[in-house]
Amino acid sequence: MQGKRVVVLTGAGISAESGIRTFRDDGGLWENHRLEDVATPEAWRADPGLVWRFYQARRRQLNEVKPNPAHEALAQLAEGLDNFTLITQNVDDLHERGGSSDVVHMHGQLVTLRCEASGRSEVRMSDSDLSDTFLRCSCCVEPARLRPDIVWFGEMPMHMEAIYAAVDACEVFVVVGSSGHVYPAADLVHIAKANGARTVLVNAEAPLNVEAFDEVHLGKAGELLPGLVETWLSDNE
Ligand code: NAD
């Protein structure tokens with residue numbers, strides 16, 4: 001991969017070995033909730049208390065988990081390459097804590113909260129920010145309610161212009177730990193492939209879009225990625 005433009009897209013599977021459950025565990029439930037009840041703008045309007053408590057629990061969990069060897073391997077890959085972009089669908093901060101910088105969070109982040117009035121995001125992770133009571137912003141004259149800084153189903157993913165630019169231009173496109181269910185993320189591999197990139201998958205099982213990959217590595221990311229990264233960094237083709 002030396003000298004190549006490389007893009008990596010990660011999904012919930014890369015954080016599974018850190019103890020954060022993926023989306024589709026337990027027969028389609030996320031931490032015992034139906035996605036429609038906790039991860040849509042309609043849910044926030046209908047029952048903001050339930051949605052708030054759900055995300056506050058996800059935010060508190062960040063203090064209990066650690067990055068795993070897969071996160072660390074990607075930080076090492078970034079360091080060894082000249083042209084590297086890391087895009088994640090994950091809302092946790094394990095890439096950053098595993099040593100990566102400039103991570104493109106297309107579905108938002110748990111560590112920040114967004115002002116409902118101004119749309120501005122602020123990092124709010126102190127102990128007093130993690131209870132189940134609603135929080136207010138620090139940006140408005142009359143502080144407004146904060147919402148999770150998450151892209152819910154039916155909302156537009158973030159940074160799409162930069163993402164399409166990186167994917168259009170890449171020569172190698174790697175996906176780690178994603179089921180290929182959630183769009184537009186699941187389509188990025190098709191765009192990369194149509195532009196001539198070599199496409200590589202590292203996932204526990206074959207995802208929906210498996211046919212789009214030139215190279216498939218099935219297994220746990222934390223076990224496979226460190227060795228793969230070592231090979232990729234030493235390969236000059
Ligand atoms: P997904 O839950 O739909 O799929 C996860 C995939 O990872 C599955 O194909 C599974 O086989 C694979 N997997 C599980 N354990 C693995 C491991 N140890 N190594 C490699 N692969 C493994 O996740 P997705 O495709 O990212 O889709 C959905 C969404 O879930 C995203 O929008 C994301 O925002 C949200 N989400 C994020 C987190 C997080 O931030 N950690 C957690 C749950 C859900």
# chains A, B, ... in the order shown; residues from 1 in each chain; ligands from 1
>>> residues_around(residues="Pro207 (chain A)", least_positions_apart="2", cutoff="6 Å", atoms="only C-alpha atoms", output="list in words")
Ser179, Gly180, Asn209 and Val210 of chain A
>>> write_last_selection(atoms="all heavy atoms", output="short mmCIF file (atom, residue, chain, number, x, y, z; two decimals), in the first residue's frame")
data_model
loop_
_atom_site.label_atom_id
_atom_site.label_comp_id
_atom_site.auth_asym_id
_atom_site.auth_seq_id
_atom_site.Cartn_x
_atom_site.Cartn_y
_atom_site.Cartn_z
N SER A 179 -21.71 -4.17 8.40
CA SER A 179 -22.63 -5.18 7.86
C SER A 179 -23.16 -4.85 6.47
O SER A 179 -23.84 -5.66 5.86
CB SER A 179 -23.82 -5.33 8.80
OG SER A 179 -24.55 -4.12 8.81
N GLY A 180 -22.88 -3.62 5.99
CA GLY A 180 -23.38 -3.25 4.66
C GLY A 180 -24.88 -3.02 4.62
O GLY A 180 -25.49 -3.05 3.56
N ASN A 209 -22.91 -6.68 1.16
CA ASN A 209 -22.26 -6.21 -0.06
C ASN A 209 -20.94 -6.93 -0.34
O ASN A 209 -20.05 -6.38 -0.98
CB ASN A 209 -22.06 -4.69 0.01
CG ASN A 209 -21.30 -4.27 1.28
OD1 ASN A 209 -20.87 -5.13 2.05
ND2 ASN A 209 -21.12 -2.99 1.47
N VAL A 210 -20.82 -8.20 0.11
CA VAL A 210 -19.53 -8.91 0.02
C VAL A 210 -19.02 -9.04 -1.42
O VAL A 210 -17.82 -9.05 -1.65
CB VAL A 210 -19.63 -10.30 0.70
CG1 VAL A 210 -20.57 -11.23 -0.04
CG2 VAL A 210 -18.26 -10.92 0.88
#
>>> select_by_dssp(residues="region 174-228 of chain A", states="alpha helix (DSSP H)", output="list of chain:residue names")
A:Leu188, A:Val189, A:His190, A:Ile191, A:Ala192, A:Lys193, A:Ala194, A:Ala221, A:Gly222, A:Glu223, A:Leu224, A:Leu225, A:Pro226, A:Gly227, A:Leu228
>>> write_last_selection(atoms="N, CA, C and O atoms", output="PDB file, in the first residue's frame")
ATOM      1  N   LEU A 188     -20.230   3.078  -0.491  1.00  0.00           N
ATOM      2  CA  LEU A 188     -18.917   3.675  -0.769  1.00  0.00           C
ATOM      3  C   LEU A 188     -17.998   2.669  -1.458  1.00  0.00           C
ATOM      4  O   LEU A 188     -17.209   3.024  -2.332  1.00  0.00           O
ATOM      5  N   VAL A 189     -18.123   1.386  -1.092  1.00  0.00           N
ATOM      6  CA  VAL A 189     -17.265   0.377  -1.722  1.00  0.00           C
ATOM      7  C   VAL A 189     -17.542   0.288  -3.224  1.00  0.00           C
ATOM      8  O   VAL A 189     -16.625   0.099  -4.026  1.00  0.00           O
ATOM      9  N   HIS A 190     -18.811   0.461  -3.615  1.00  0.00           N
ATOM     10  CA  HIS A 190     -19.144   0.389  -5.046  1.00  0.00           C
ATOM     11  C   HIS A 190     -18.541   1.577  -5.800  1.00  0.00           C
ATOM     12  O   HIS A 190     -18.065   1.437  -6.925  1.00  0.00           O
ATOM     13  N   ILE A 191     -18.554   2.746  -5.147  1.00  0.00           N
ATOM     14  CA  ILE A 191     -17.975   3.940  -5.776  1.00  0.00           C
ATOM     15  C   ILE A 191     -16.464   3.744  -5.949  1.00  0.00           C
ATOM     16  O   ILE A 191     -15.898   3.999  -7.008  1.00  0.00           O
ATOM     17  N   ALA A 192     -15.822   3.247  -4.878  1.00  0.00           N
ATOM     18  CA  ALA A 192     -14.373   3.037  -4.940  1.00  0.00           C
ATOM     19  C   ALA A 192     -14.039   2.037  -6.049  1.00  0.00           C
ATOM     20  O   ALA A 192     -13.132   2.260  -6.854  1.00  0.00           O
ATOM     21  N   LYS A 193     -14.801   0.963  -6.113  1.00  0.00           N
ATOM     22  CA  LYS A 193     -14.530  -0.086  -7.096  1.00  0.00           C
ATOM     23  C   LYS A 193     -14.751   0.431  -8.524  1.00  0.00           C
ATOM     24  O   LYS A 193     -13.947   0.158  -9.418  1.00  0.00           O
ATOM     25  N   ALA A 194     -15.825   1.198  -8.704  1.00  0.00           N
ATOM     26  CA  ALA A 194     -16.109   1.748 -10.041  1.00  0.00           C
ATOM     27  C   ALA A 194     -14.981   2.674 -10.494  1.00  0.00           C
ATOM     28  O   ALA A 194     -14.741   2.823 -11.692  1.00  0.00           O
ATOM     29  N   ALA A 221     -11.620  -8.467  13.845  1.00  0.00           N
ATOM     30  CA  ALA A 221     -10.730  -7.379  13.431  1.00  0.00           C
ATOM     31  C   ALA A 221      -9.513  -7.279  14.352  1.00  0.00           C
ATOM     32  O   ALA A 221      -8.393  -7.059  13.891  1.00  0.00           O
ATOM     33  N   GLY A 222      -9.731  -7.448  15.653  1.00  0.00           N
ATOM     34  CA  GLY A 222      -8.627  -7.304  16.613  1.00  0.00           C
ATOM     35  C   GLY A 222      -7.572  -8.381  16.436  1.00  0.00           C
ATOM     36  O   GLY A 222      -6.411  -8.190  16.784  1.00  0.00           O
ATOM     37  N   GLU A 223      -7.988  -9.527  15.879  1.00  0.00           N
ATOM     38  CA  GLU A 223      -7.026 -10.606  15.648  1.00  0.00           C
ATOM     39  C   GLU A 223      -6.375 -10.484  14.274  1.00  0.00           C
ATOM     40  O   GLU A 223      -5.188 -10.772  14.119  1.00  0.00           O
ATOM     41  N   LEU A 224      -7.148 -10.049  13.267  1.00  0.00           N
ATOM     42  CA  LEU A 224      -6.632 -10.030  11.891  1.00  0.00           C
ATOM     43  C   LEU A 224      -5.873  -8.755  11.529  1.00  0.00           C
ATOM     44  O   LEU A 224      -4.867  -8.802  10.820  1.00  0.00           O
ATOM     45  N   LEU A 225      -6.366  -7.618  11.989  1.00  0.00           N
ATOM     46  CA  LEU A 225      -5.826  -6.349  11.468  1.00  0.00           C
ATOM     47  C   LEU A 225      -4.350  -6.093  11.790  1.00  0.00           C
ATOM     48  O   LEU A 225      -3.618  -5.621  10.908  1.00  0.00           O
ATOM     49  N   PRO A 226      -3.879  -6.398  13.002  1.00  0.00           N
ATOM     50  CA  PRO A 226      -2.462  -6.105  13.262  1.00  0.00           C
ATOM     51  C   PRO A 226      -1.537  -6.782  12.244  1.00  0.00           C
ATOM     52  O   PRO A 226      -0.614  -6.142  11.708  1.00  0.00           O
ATOM     53  N   GLY A 227      -1.795  -8.043  11.910  1.00  0.00           N
ATOM     54  CA  GLY A 227      -0.961  -8.754  10.932  1.00  0.00           C
ATOM     55  C   GLY A 227      -1.136  -8.183   9.532  1.00  0.00           C
ATOM     56  O   GLY A 227      -0.161  -8.011   8.787  1.00  0.00           O
ATOM     57  N   LEU A 228      -2.391  -7.872   9.177  1.00  0.00           N
ATOM     58  CA  LEU A 228      -2.640  -7.321   7.836  1.00  0.00           C
ATOM     59  C   LEU A 228      -1.936  -5.977   7.671  1.00  0.00           C
ATOM     60  O   LEU A 228      -1.315  -5.707   6.639  1.00  0.00           O
TER      61      LEU A 228
END
>>> select_by_dssp(residues="region 151-237 of chain A", states="strand (DSSP E or B)", output="PDB file with C-alpha atoms, in the first residue's frame")
ATOM      1  CA  VAL A 172      -7.236   1.079  -2.026  1.00  0.00           C
ATOM      2  CA  PHE A 173     -10.520   0.993  -0.079  1.00  0.00           C
ATOM      3  CA  VAL A 174     -10.673  -1.078   3.105  1.00  0.00           C
ATOM      4  CA  VAL A 175     -13.829  -1.818   5.119  1.00  0.00           C
ATOM      5  CA  VAL A 176     -13.576  -3.123   8.682  1.00  0.00           C
ATOM      6  CA  ARG A 198      -8.703  -2.415  -4.929  1.00  0.00           C
ATOM      7  CA  THR A 199     -11.354  -3.227  -2.331  1.00  0.00           C
ATOM      8  CA  VAL A 200     -10.553  -5.115   0.861  1.00  0.00           C
ATOM      9  CA  LEU A 201     -12.858  -6.383   3.614  1.00  0.00           C
ATOM     10  CA  VAL A 202     -12.095  -7.417   7.196  1.00  0.00           C
ATOM     11  CA  ASN A 203     -15.286  -8.595   8.917  1.00  0.00           C
ATOM     12  CA  GLU A 215     -10.106  -9.395  -1.103  1.00  0.00           C
ATOM     13  CA  VAL A 216     -12.070 -10.800   1.856  1.00  0.00           C
ATOM     14  CA  HIS A 217     -10.640 -11.584   5.311  1.00  0.00           C
ATOM     15  CA  LEU A 218     -13.244 -13.177   7.566  1.00  0.00           C
TER      16      LEU A 218
END
>>> closest_residue(among="A:Arg147, A:Arg53, A:Arg34, A:His107", to="ligand 1", atoms="only C-alpha atoms and all ligand atoms")
A:His107
>>> residues_around(residues="Trp52 (chain A)", least_positions_apart="6", cutoff="8 Å", atoms="only C-alpha atoms", output="ChimeraX atom specification")
/A:132,134,147-148
>>> write_last_selection(atoms="C-alpha atoms", output="PDB file, in the first residue's frame")
ATOM      1  CA  ASP A 132     -30.012  11.360  32.825  1.00  0.00           C
ATOM      2  CA  PHE A 134     -31.345  17.084  29.991  1.00  0.00           C
ATOM      3  CA  ARG A 147     -29.499  16.740  21.709  1.00  0.00           C
ATOM      4  CA  PRO A 148     -27.191  13.805  20.992  1.00  0.00           C
TER       5      PRO A 148
END
>>> residues_around(residues="Arg60 (chain A)", least_positions_apart="5", cutoff="12 Å", atoms="only C-alpha atoms", output="NGL selection string")
:A and (20 or 53-55 or 65 or 92 or 110-111 or 124-132)
>>> atom_distance(atom1="CA of Glu171 (chain A)", atom2="CA of Ile14 (chain A)")
22.3 Å
>>> residues_around(residues="Asn83 (chain A)", least_positions_apart="2", cutoff="8 Å", atoms="only C-alpha atoms", output="list in words")
Gly3, Lys4, Arg5, Val6, Leu81 and Thr85 of chain A
>>> atom_distance(atom1="CA of Val123 (chain A)", atom2="CA of Arg45 (chain A)")
23.1 Å
